[in-house]
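Student: Below is the file run.cif, with mmCIF, C-alpha atoms.
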data_data
#
loop_
_atom_site.group_PDB
_atom_site.id
_atom_site.type_symbol
_atom_site.label_atom_id
_atom_site.label_comp_id
_atom_site.auth_asym_id
_atom_site.auth_seq_id
_atom_site.Cartn_x
_atom_site.Cartn_y
_atom_site.Cartn_z
ATOM 1 C CA MET D 1 100.168 70.435 235.357
ATOM 2 C CA ARG D 2 98.475 67.596 233.456
ATOM 3 C CA LYS D 3 100.448 65.030 235.476
ATOM 4 C CA ILE D 4 99.298 66.572 238.757
ATOM 5 C CA PHE D 5 95.724 66.541 237.474
ATOM 6 C CA ILE D 6 95.945 62.833 236.552
ATOM 7 C CA PHE D 7 97.480 61.972 239.945
ATOM 8 C CA LEU D 8 94.744 63.962 241.670
ATOM 9 C CA ILE D 9 92.056 62.028 239.774
ATOM 10 C CA ILE D 10 93.669 58.690 240.751
ATOM 11 C CA PHE D 11 93.792 59.843 244.364
ATOM 12 C CA LEU D 12 90.178 60.987 244.439
ATOM 13 C CA LEU D 13 88.989 57.806 242.700
ATOM 14 C CA THR D 14 90.681 55.741 245.387
ATOM 15 C CA LEU D 15 89.136 57.840 248.148
ATOM 16 C CA SER D 16 85.688 57.562 246.625
ATOM 17 C CA CYS D 17 85.542 53.816 247.358
ATOM 18 C CA SER D 18 83.632 53.578 250.621
ATOM 19 C CA LEU D 19 82.720 50.677 252.888
ATOM 20 C CA ASP D 20 79.592 48.761 251.907
ATOM 21 C CA ARG D 21 76.786 48.540 254.417
ATOM 22 C CA SER D 22 76.584 44.833 253.729
ATOM 23 C CA ASN D 23 74.923 43.702 256.960
ATOM 24 C CA PRO D 24 71.319 42.808 255.994
ATOM 25 C CA LEU D 25 70.212 44.040 259.410
ATOM 26 C CA ASP D 26 71.709 47.470 258.734
ATOM 27 C CA THR D 27 68.528 49.285 257.875
ATOM 28 C CA ASP D 28 66.866 52.563 258.800
ATOM 29 C CA ASN D 29 63.674 50.667 259.565
ATOM 30 C CA TYR D 30 64.780 49.218 262.895
ATOM 31 C CA PRO D 31 62.516 48.637 265.924
ATOM 32 C CA SER D 32 61.881 51.700 268.024
ATOM 33 C CA LYS D 33 62.730 51.953 271.722
ATOM 34 C CA VAL D 34 60.418 50.266 274.190
ATOM 35 C CA LEU D 35 58.603 52.964 276.146
ATOM 36 C CA GLY D 36 56.518 53.089 279.290
ATOM 37 C CA ILE D 37 58.587 50.532 281.206
ATOM 38 C CA GLN D 38 57.586 50.142 284.818
ATOM 39 C CA VAL D 39 59.175 47.841 287.380
ATOM 40 C CA SER D 40 57.059 46.867 290.363
ATOM 41 C CA TYR D 41 58.273 46.592 293.959
ATOM 42 C CA PRO D 42 59.294 42.942 294.673
ATOM 43 C CA GLU D 43 56.372 40.875 295.821
ATOM 44 C CA ASP D 44 56.359 37.119 296.492
ATOM 45 C CA ASP D 45 60.026 36.929 295.444
ATOM 46 C CA LYS D 46 59.356 38.298 292.026
ATOM 47 C CA VAL D 47 59.459 41.573 290.152
ATOM 48 C CA THR D 48 56.918 42.441 287.508
ATOM 49 C CA ILE D 49 57.970 44.514 284.528
ATOM 50 C CA THR D 50 55.372 46.106 282.260
ATOM 51 C CA TRP D 51 55.726 48.183 279.093
ATOM 52 C CA ASP D 52 53.761 49.813 276.292
ATOM 53 C CA THR D 53 53.106 47.671 273.227
ATOM 54 C CA PRO D 54 51.695 50.294 270.827
ATOM 55 C CA GLY D 55 54.314 51.236 268.265
ATOM 56 C CA HIS D 56 55.659 47.699 268.059
ATOM 57 C CA ALA D 57 53.097 46.190 265.678
ATOM 58 C CA ASN D 58 55.834 45.494 263.108
ATOM 59 C CA ASP D 59 58.191 43.994 265.666
ATOM 60 C CA ASP D 60 58.396 40.316 266.587
ATOM 61 C CA GLY D 61 59.151 40.482 270.272
ATOM 62 C CA TYR D 62 61.220 41.872 273.108
ATOM 63 C CA PHE D 63 64.504 41.263 274.904
ATOM 64 C CA ILE D 64 64.852 41.907 278.641
ATOM 65 C CA TYR D 65 68.194 42.605 280.362
ATOM 66 C CA ARG D 66 69.030 42.880 284.054
ATOM 67 C CA SER D 67 71.903 44.294 286.099
ATOM 68 C CA MET D 68 72.610 44.820 289.770
ATOM 69 C CA SER D 69 74.053 48.284 289.215
ATOM 70 C CA TYR D 70 73.009 51.170 287.005
ATOM 71 C CA HIS D 71 76.203 51.329 284.980
ATOM 72 C CA GLY D 72 77.018 47.629 285.294
ATOM 73 C CA PHE D 73 76.793 44.826 282.793
ATOM 74 C CA TYR D 74 73.205 44.116 281.755
ATOM 75 C CA GLU D 75 72.743 40.391 281.428
ATOM 76 C CA PHE D 76 70.227 39.050 278.921
ATOM 77 C CA ILE D 77 67.511 37.255 280.912
ATOM 78 C CA GLN D 78 64.510 36.748 278.682
ATOM 79 C CA GLU D 79 63.252 36.760 275.117
ATOM 80 C CA ILE D 80 59.549 37.302 274.558
ATOM 81 C CA ASP D 81 58.455 36.133 271.121
ATOM 82 C CA ASP D 82 55.119 37.907 271.062
ATOM 83 C CA ASN D 83 54.775 41.619 270.397
ATOM 84 C CA THR D 84 51.356 41.789 272.109
ATOM 85 C CA ILE D 85 52.624 40.659 275.532
ATOM 86 C CA ASN D 86 53.255 43.663 277.784
ATOM 87 C CA SER D 87 54.501 42.170 281.056
ATOM 88 C CA TYR D 88 57.123 39.814 282.462
ATOM 89 C CA GLU D 89 57.693 38.392 285.922
ATOM 90 C CA ASP D 90 61.287 38.014 287.013
ATOM 91 C CA GLU D 91 61.419 35.310 289.650
ATOM 92 C CA ASP D 92 65.168 34.814 289.676
ATOM 93 C CA ILE D 93 65.864 37.493 292.242
ATOM 94 C CA ILE D 94 67.041 37.781 295.830
ATOM 95 C CA ILE D 95 65.290 40.194 298.117
ATOM 96 C CA GLY D 96 67.519 41.963 300.593
ATOM 97 C CA GLU D 97 68.777 45.239 301.905
ATOM 98 C CA ASN D 98 70.655 47.335 299.413
ATOM 99 C CA ILE D 99 69.955 44.861 296.654
ATOM 100 C CA TYR D 100 68.524 46.480 293.568
ATOM 101 C CA TYR D 101 67.760 45.202 290.124
ATOM 102 C CA PHE D 102 67.998 47.387 287.067
ATOM 103 C CA TYR D 103 66.217 46.465 283.866
ATOM 104 C CA LYS D 104 66.557 47.440 280.230
ATOM 105 C CA MET D 105 64.399 46.356 277.317
ATOM 106 C CA SER D 106 64.540 46.353 273.557
ATOM 107 C CA ALA D 107 62.272 45.247 270.742
ATOM 108 C CA PHE D 108 63.448 43.005 267.934
ATOM 109 C CA ARG D 109 62.373 42.303 264.386
ATOM 110 C CA ILE D 110 63.193 39.200 262.334
ATOM 111 C CA ILE D 111 64.933 40.014 259.040
ATOM 112 C CA ASP D 112 66.341 37.200 256.880
ATOM 113 C CA SER D 113 65.903 34.804 259.804
ATOM 114 C CA LYS D 114 68.110 37.057 261.971
ATOM 115 C CA LYS D 115 66.865 39.126 264.875
ATOM 116 C CA LEU D 116 67.540 42.839 264.521
ATOM 117 C CA GLU D 117 67.479 44.379 267.949
ATOM 118 C CA GLY D 118 66.455 48.024 268.315
ATOM 119 C CA TYR D 119 68.012 50.509 270.722
ATOM 120 C CA ARG D 120 67.793 49.481 274.358
ATOM 121 C CA SER D 121 65.626 51.482 276.688
ATOM 122 C CA ASP D 122 66.824 53.596 279.581
ATOM 123 C CA SER D 123 67.461 51.701 282.776
ATOM 124 C CA LYS D 124 64.578 51.173 285.194
ATOM 125 C CA PHE D 125 64.779 49.763 288.724
ATOM 126 C CA TRP D 126 62.473 49.082 291.629
ATOM 127 C CA MET Z 30 79.761 61.765 187.034
ATOM 128 C CA LYS Z 31 82.469 59.839 185.188
ATOM 129 C CA LYS Z 32 83.556 63.043 183.461
ATOM 130 C CA ILE Z 33 83.970 64.845 186.763
ATOM 131 C CA ILE Z 34 86.090 61.996 188.193
ATOM 132 C CA LEU Z 35 88.236 61.977 185.021
ATOM 133 C CA LEU Z 36 88.718 65.743 185.268
ATOM 134 C CA ILE Z 37 89.779 65.527 188.915
ATOM 135 C CA LEU Z 38 92.195 62.714 188.024
ATOM 136 C CA ILE Z 39 93.767 64.750 185.240
ATOM 137 C CA ILE Z 40 94.214 67.779 187.498
ATOM 138 C CA PHE Z 41 95.767 65.534 190.193
ATOM 139 C CA VAL Z 42 98.236 63.887 187.792
ATOM 140 C CA LYS Z 43 99.124 67.263 186.332
ATOM 141 C CA THR Z 44 99.893 68.625 189.796
ATOM 142 C CA LEU Z 45 102.122 65.647 190.585
ATOM 143 C CA SER Z 46 104.171 66.010 187.486
ATOM 144 C CA ALA Z 47 104.476 69.775 187.866
ATOM 145 C CA GLU Z 48 107.914 69.664 189.492
ATOM 146 C CA GLU Z 49 110.453 68.026 187.254
ATOM 147 C CA PHE Z 50 113.186 65.816 188.644
ATOM 148 C CA ASP Z 51 116.495 67.708 188.704
ATOM 149 C CA ILE Z 52 119.221 65.130 187.964
ATOM 150 C CA LYS Z 53 121.986 67.739 188.180
ATOM 151 C CA LYS Z 54 120.960 68.855 191.631
ATOM 152 C CA PHE Z 55 120.661 65.249 192.752
ATOM 153 C CA SER Z 56 124.101 64.125 191.569
ATOM 154 C CA ASP Z 57 125.994 67.246 192.642
ATOM 155 C CA PRO Z 58 128.815 66.032 194.995
ATOM 156 C CA ASN Z 59 129.436 69.568 196.302
ATOM 157 C CA LYS Z 60 126.160 69.676 198.144
ATOM 158 C CA TYR Z 61 127.680 67.485 200.885
ATOM 159 C CA GLY Z 62 130.916 69.405 200.923
ATOM 160 C CA TRP Z 63 132.837 66.668 199.054
ATOM 161 C CA ASP Z 64 134.946 68.939 196.957
ATOM 162 C CA THR Z 65 137.729 66.393 196.608
ATOM 163 C CA TYR Z 66 137.944 62.620 196.561
ATOM 164 C CA GLU Z 67 139.886 62.677 199.858
ATOM 165 C CA LYS Z 68 137.053 64.533 201.519
ATOM 166 C CA PHE Z 69 134.621 61.980 200.202
ATOM 167 C CA LEU Z 70 136.755 59.137 201.619
ATOM 168 C CA SER Z 71 137.080 60.933 204.920
ATOM 169 C CA ALA Z 72 133.311 61.422 205.082
ATOM 170 C CA ARG Z 73 132.753 57.763 204.283
ATOM 171 C CA GLU Z 74 135.205 56.686 206.959
ATOM 172 C CA ASP Z 75 133.504 58.976 209.456
ATOM 173 C CA LEU Z 76 130.121 57.562 208.508
ATOM 174 C CA GLN Z 77 131.350 53.981 208.918
ATOM 175 C CA LYS Z 78 132.831 54.831 212.276
ATOM 176 C CA ARG Z 79 129.585 56.382 213.460
ATOM 177 C CA ASN Z 80 127.729 53.382 212.150
ATOM 178 C CA ASN Z 81 129.951 51.081 214.210
ATOM 179 C CA LEU Z 82 129.381 53.229 217.296
ATOM 180 C CA LEU Z 83 125.677 53.116 216.636
ATOM 181 C CA GLN Z 84 125.833 49.327 216.517
ATOM 182 C CA ILE Z 85 127.626 49.271 219.873
ATOM 183 C CA TYR Z 86 125.008 51.649 221.219
ATOM 184 C CA GLU Z 87 122.163 49.515 219.891
ATOM 185 C CA THR Z 88 123.495 46.430 221.670
ATOM 186 C CA GLN Z 89 124.026 48.213 224.982
ATOM 187 C CA LYS Z 90 121.053 50.561 225.160
ATOM 188 C CA GLN Z 91 118.030 49.744 227.299
ATOM 189 C CA LYS Z 92 114.482 49.557 226.043
ATOM 190 C CA PRO Z 93 112.133 51.779 228.038
ATOM 191 C CA ILE Z 94 109.284 49.247 227.761
ATOM 192 C CA LYS Z 95 111.429 46.531 229.355
ATOM 193 C CA ASN Z 96 112.245 48.786 232.309
ATOM 194 C CA VAL Z 97 108.639 49.924 232.539
ATOM 195 C CA ILE Z 98 107.496 46.299 232.870
ATOM 196 C CA LYS Z 99 110.096 45.793 235.614
ATOM 197 C CA SER Z 100 108.861 48.896 237.435
ATOM 198 C CA VAL Z 101 105.253 47.788 237.101
ATOM 199 C CA ILE Z 102 106.126 44.506 238.815
ATOM 200 C CA VAL Z 103 108.462 45.929 241.479
ATOM 201 C CA PRO Z 104 108.566 49.725 241.898
ATOM 202 C CA GLY Z 105 112.126 50.969 241.480
ATOM 203 C CA TRP Z 106 113.352 47.893 239.587
ATOM 204 C CA GLY Z 107 113.460 49.841 236.303
ATOM 205 C CA HIS Z 108 115.501 52.548 238.035
ATOM 206 C CA PHE Z 109 117.964 49.966 239.325
ATOM 207 C CA SER Z 110 118.370 48.621 235.783
ATOM 208 C CA ALA Z 111 118.968 52.152 234.495
ATOM 209 C CA LYS Z 112 121.623 52.608 237.210
ATOM 210 C CA HIS Z 113 119.576 55.216 239.095
ATOM 211 C CA TYR Z 114 120.011 53.393 242.397
ATOM 212 C CA TRP Z 115 119.085 56.232 244.769
ATOM 213 C CA LYS Z 116 115.824 56.963 243.033
ATOM 214 C CA GLY Z 117 115.057 53.255 242.854
ATOM 215 C CA GLN Z 118 115.685 52.813 246.572
ATOM 216 C CA ILE Z 119 113.567 55.848 247.476
ATOM 217 C CA LEU Z 120 110.663 54.745 245.275
ATOM 218 C CA LEU Z 121 110.785 51.152 246.492
ATOM 219 C CA GLY Z 122 111.018 52.261 250.141
ATOM 220 C CA LEU Z 123 108.213 54.756 249.733
ATOM 221 C CA GLU Z 124 105.999 52.172 248.063
ATOM 222 C CA ILE Z 125 106.640 49.620 250.814
ATOM 223 C CA VAL Z 126 105.857 52.187 253.529
ATOM 224 C CA LEU Z 127 102.709 53.487 251.828
ATOM 225 C CA LEU Z 128 101.249 50.130 250.820
ATOM 226 C CA GLY Z 129 102.300 48.551 254.121
ATOM 227 C CA THR Z 130 100.593 51.313 256.104
ATOM 228 C CA SER Z 131 97.549 51.023 253.872
ATOM 229 C CA TYR Z 132 97.420 47.271 254.502
ATOM 230 C CA LEU Z 133 97.731 47.721 258.282
ATOM 231 C CA TYR Z 134 94.857 50.196 258.329
ATOM 232 C CA TYR Z 135 92.832 47.963 256.016
ATOM 233 C CA ASP Z 136 93.427 44.954 258.257
ATOM 234 C CA GLN Z 137 92.346 46.960 261.300
ATOM 235 C CA ALA Z 138 89.241 48.172 259.441
ATOM 236 C CA MET Z 139 88.336 44.642 258.365
ATOM 237 C CA ASP Z 140 88.582 43.323 261.936
ATOM 238 C CA ILE Z 141 85.975 45.867 263.004
ATOM 239 C CA TYR Z 142 83.983 45.345 259.790
ATOM 240 C CA ASP Z 143 83.693 41.627 260.591
ATOM 241 C CA LYS Z 144 82.092 42.561 263.894
ATOM 242 C CA TYR Z 145 79.761 44.930 262.046
ATOM 243 C CA GLU Z 146 78.682 42.143 259.681
ATOM 244 C CA LYS Z 147 77.923 39.811 262.584
ATOM 245 C CA ALA Z 148 76.189 42.414 264.785
ATOM 246 C CA THR Z 149 72.452 42.134 265.362
ATOM 247 C CA TYR Z 150 71.993 45.028 267.789
ATOM 248 C CA ILE Z 151 71.394 48.320 266.004
ATOM 249 C CA GLY Z 152 73.682 50.120 268.460
ATOM 250 C CA ASP Z 153 76.554 47.746 267.636
ATOM 251 C CA ILE Z 154 75.793 47.932 263.915
ATOM 252 C CA GLU Z 155 76.079 51.738 263.954
ATOM 253 C CA LYS Z 156 79.114 51.724 266.242
ATOM 254 C CA TYR Z 157 81.137 49.092 264.379
ATOM 255 C CA TYR Z 158 80.388 50.625 260.977
ATOM 256 C CA SER Z 159 81.428 54.042 262.228
ATOM 257 C CA ASP Z 160 84.556 52.604 263.893
ATOM 258 C CA ALA Z 161 85.536 50.688 260.735
ATOM 259 C CA LYS Z 162 85.167 53.737 258.498
ATOM 260 C CA SER Z 163 88.021 55.718 260.005
ATOM 261 C CA PRO Z 164 90.842 53.147 259.487
ATOM 262 C CA TYR Z 165 89.299 52.209 256.122
ATOM 263 C CA ASN Z 166 89.498 55.826 254.933
ATOM 264 C CA MET Z 167 93.091 56.007 256.142
ATOM 265 C CA SER Z 168 93.902 52.831 254.225
ATOM 266 C CA GLN Z 169 92.341 54.411 251.114
ATOM 267 C CA VAL Z 170 94.431 57.565 251.549
ATOM 268 C CA PHE Z 171 97.658 55.557 251.803
ATOM 269 C CA LEU Z 172 96.592 53.310 248.933
ATOM 270 C CA GLY Z 173 95.890 56.399 246.811
ATOM 271 C CA LEU Z 174 99.316 57.804 247.636
ATOM 272 C CA GLY Z 175 100.840 54.387 246.903
ATOM 273 C CA ILE Z 176 99.141 54.301 243.497
ATOM 274 C CA ILE Z 177 100.373 57.827 242.744
ATOM 275 C CA VAL Z 178 103.958 56.869 243.675
ATOM 276 C CA TRP Z 179 103.609 53.679 241.612
ATOM 277 C CA ALA Z 180 102.322 55.668 238.599
ATOM 278 C CA TYR Z 181 105.116 58.221 239.015
ATOM 279 C CA ASN Z 182 107.622 55.358 239.263
ATOM 280 C CA ILE Z 183 106.413 54.030 235.891
ATOM 281 C CA TYR Z 184 106.557 57.475 234.281
ATOM 282 C CA ASP Z 185 109.987 58.211 235.737
ATOM 283 C CA THR Z 186 111.331 54.859 234.550
ATOM 284 C CA ILE Z 187 110.890 56.067 230.961
ATOM 285 C CA VAL Z 188 112.692 59.325 231.792
ATOM 286 C CA VAL Z 189 115.654 57.664 233.541
ATOM 287 C CA THR Z 190 115.963 55.018 230.814
ATOM 288 C CA GLU Z 191 116.184 57.778 228.209
ATOM 289 C CA LYS Z 192 118.762 59.547 230.375
ATOM 290 C CA TYR Z 193 120.688 56.296 230.681
ATOM 291 C CA ASN Z 194 120.669 55.868 226.911
ATOM 292 C CA ASP Z 195 121.790 59.468 226.370
ATOM 293 C CA ALA Z 196 124.635 58.982 228.849
ATOM 294 C CA LEU Z 197 125.525 55.693 227.178
ATOM 295 C CA TRP Z 198 125.747 57.326 223.765
ATOM 296 C CA GLU Z 199 127.934 60.111 225.133
ATOM 297 C CA LYS Z 200 130.131 57.517 226.856
ATOM 298 C CA ILE Z 201 130.532 55.488 223.652
ATOM 299 C CA ILE Z 202 131.394 58.605 221.676
ATOM 300 C CA PHE Z 203 133.826 59.700 224.399
ATOM 301 C CA GLU Z 204 135.561 56.344 224.641
ATOM 302 C CA ASN Z 205 135.950 55.979 220.893
ATOM 303 C CA GLN Z 206 137.171 59.396 219.966
ATOM 304 C CA ASP Z 207 140.700 59.564 218.550
ATOM 305 C CA THR Z 208 142.192 62.421 220.513
ATOM 306 C CA SER Z 209 142.596 62.488 224.252
ATOM 307 C CA ILE Z 210 141.375 66.077 224.445
ATOM 308 C CA SER Z 211 138.258 67.233 222.723
ATOM 309 C CA ILE Z 212 136.375 70.483 222.669
ATOM 310 C CA SER Z 213 132.658 70.383 222.259
ATOM 311 C CA PRO Z 214 129.878 72.941 222.697
ATOM 312 C CA THR Z 215 129.275 71.493 226.178
ATOM 313 C CA GLY Z 216 132.881 71.985 227.281
ATOM 314 C CA LEU Z 217 136.344 70.541 227.359
ATOM 315 C CA SER Z 218 136.849 66.822 227.939
ATOM 316 C CA MET Z 219 140.050 64.887 228.522
ATOM 317 C CA ARG Z 220 140.813 61.160 228.374
ATOM 318 C CA PHE Z 221 143.603 59.450 230.342
#
Starting from the file, give its structure as structure tokens.
Tutor:
Amino acid sequence: MRKIFIFLIIFLLTLSCSLDRSNPLDTDNYPSKVLGIQVSYPEDDKVTITWDTPGHANDDGYFIYRSMSYHGFYEFIQEIDDNTINSYEDEDIIIGENIYYFYKMSAFRIIDSKKLEGYRSDSKFW
Amino acid sequence: MKKIILLILIIFVKTLSAEEFDIKKFSDPNKYGWDTYEKFLSAREDLQKRNNLLQIYETQKQKPIKNVIKSVIVPGWGHFSAKHYWKGQILLGLEIVLLGTSYLYYDQAMDIYDKYEKATYIGDIEKYYSDAKSPYNMSQVFLGLGIIVWAYNIYDTIVVTEKYNDALWEKIIFENQDTSISISPTGLSMRF
């Protein structure tokens, strides 16, 4: 009985060792989702994206991603290093029938000279 | 204070000398069953013979600590030395399987953990950490089982070494007995 007890303790001690959350960016205080995103209808070969800045006072900027399909790969297109800016003009687009552009955004915060990116927003398109 | 110490000392010495040494009882040859000189010689011869057997045993017996060290280094090695080959093979095989599986899971976990450490997107951070946890926990389970088998292997090495020594002693006694047939409390044995 004592042997089983000792073996059980060894086993539980081994199991109690868990993975460290060693990534310095792994924190509960990450940037919140960017809200209020609106994508304008293309005008003069460009699309204007606007968003709400309140709630991002502690963040350092925004990332913008673009895709040509809703579930497709969202390519990183722009970094905005100012949390007070609330619009971006995408001029790298082609206007045509059945051509749509889908956008996602996220806010980032600089921690230990690394950029911690918050959750990406829902997809918006014009 | 000195008087009290002296008194205690006197009582102590008195208690020690209470039982007198019985020289008659000490030198009585009958207490060992040596009624005659022949019996005494026979007993001496038997004692010498046993002493010789004991010397043989001492040179051939295995030290448990030596086998334990072997088993600590390579599980099952102590069992092989103590001629318990099956147990040694099972323990060694089990240890290889358990630690090997643990290592494979650990390696898989560390691949994902590397991605977690490099991730900057909170979604990736959460995902990679969560993904790494499952194989890591599995590696811990197999490591725990491996440690238990390893600990049991060390404990059992002592047991099998003692068994080996017991068997060795019986073998030495058996091989050096005068008659070809002997009856003992454990049964009848015959030498050819």
Student: For the structure provided, state which residues fall under the PyMOL selection byres ((chain D) within 6 of (chain Z)), and present them as JSON, numbers by chain.
Tutor: {"D": [7, 11, 14, 15, 23, 116, 117, 118]}
Student: What is the CA of Asn58 in chain D to CA of Asp122 in chain D distance in Å?
Tutor: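 Taking CA of Asn58 in chain D as the start and CA of Asp122 in chain D as the end point, the length is 21.4 Å.
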Student: Just how far from CA of Ala57 in chain D is CA of Leu25 in chain D, in Å to one decimal?
Tutor: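 Computed distance, CA of Leu25 in chain D to CA of Ala57 in chain D, equals 18.4 Å.
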Student: I'd like the interatomic distance between CA of Tyr101 in chain D and CA of Asp44 in chain D, to a tenth of an Å.
Tutor: 15.4 Å
Student: List as a compact mmCIF listing (two decimals) with C-alpha atoms, in the frame of the given file the residues having at least one atom at most 7 Å from position (60.5, 35.6, 274.8) as given in the file, counting all atoms listed in the file.
Tutor:
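The result, stored in out.txt:
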# COMPACT_ATOMS: atom_id res chain seq x y z
CA GLY D 61 59.15 40.48 270.27
CA TYR D 62 61.22 41.87 273.11
CA PHE D 63 64.50 41.26 274.90
CA GLN D 78 64.51 36.75 278.68
CA GLU D 79 63.25 36.76 275.12
CA ILE D 80 59.55 37.30 274.56
CA ASP D 81 58.46 36.13 271.12
CA ASP D 82 55.12 37.91 271.06
Student: Once the PyMOL selection byres ((chain D and resi 103) around 7) has been evaluated on this model, what residues remain selected, and can you format them as an MDAnalysis selection string?
Tutor: chainID D and resid 65:67 101:102 104:105 123:125
Student: Can I get the selection written as a compact mmCIF listing (two decimals), keeping the file's coordinate frame, with C-alpha atoms?
Tutor:
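Output saved as result.txt:
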# COMPACT_ATOMS: atom_id res chain seq x y z
CA TYR D 65 68.19 42.60 280.36
CA ARG D 66 69.03 42.88 284.05
CA SER D 67 71.90 44.29 286.10
CA TYR D 101 67.76 45.20 290.12
CA PHE D 102 68.00 47.39 287.07
CA LYS D 104 66.56 47.44 280.23
CA MET D 105 64.40 46.36 277.32
CA SER D 123 67.46 51.70 282.78
CA LYS D 124 64.58 51.17 285.19
CA PHE D 125 64.78 49.76 288.72
Student: Translate the PyMOL selection byres ((chain D and resi 45) around 9) into a concrete residue list for this structure, as a list in words.
Tutor: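 After applying the PyMOL selection byres ((chain D and resi 45) around 9), what remains is Pro42, Glu43, Asp44, Lys46, Val47, Asp90, Glu91, Asp92, Ile93, Ile94 and Ile95 of chain D.
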Student: Name the residues in contact with Lys95 in chain Z at a cut-off of 12 Å, using all atoms listed in the file, excluding same-chain residues fewer than 3 positions from it; report them as a list in words.
Tutor: Lys90, Gln91, Lys92, Ile98, Lys99, Ser100, Val101, Ile102, Trp106, Gly107, His108, Ser110, Ala111, Ile183, Thr186, Ile187 and Thr190 of chain Z
Student: Between Z:Asn59, Z:Asn205, Z:Asn182, Z:Asn194, which one has atoms that come closest to Glu87 in chain Z, using all atoms listed in the file?
Tutor: Z:Asn194
Student: Which one is closest to Pro164 in chain Z: Z:Leu121, Z:Leu35, Z:Ile141, Z:Leu83? Count only C-alpha atoms.
Tutor: Z:Ile141
Student: Given all atoms listed in the file as the basis, pick out the residue of D:Glu97, D:Trp126, D:Ser113, D:Tyr119 nearest to Lys33 in chain D.
Tutor: D:Tyr119
Student: Measuring atom to atom with only C-alpha atoms, identify which of D:Trp51, D:Tyr100, D:Phe5, D:Tyr30 is nearest to Ile64 in chain D.
Tutor: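 The shortest atom-to-atom distance to Ile64 in chain D comes from D:Trp51.
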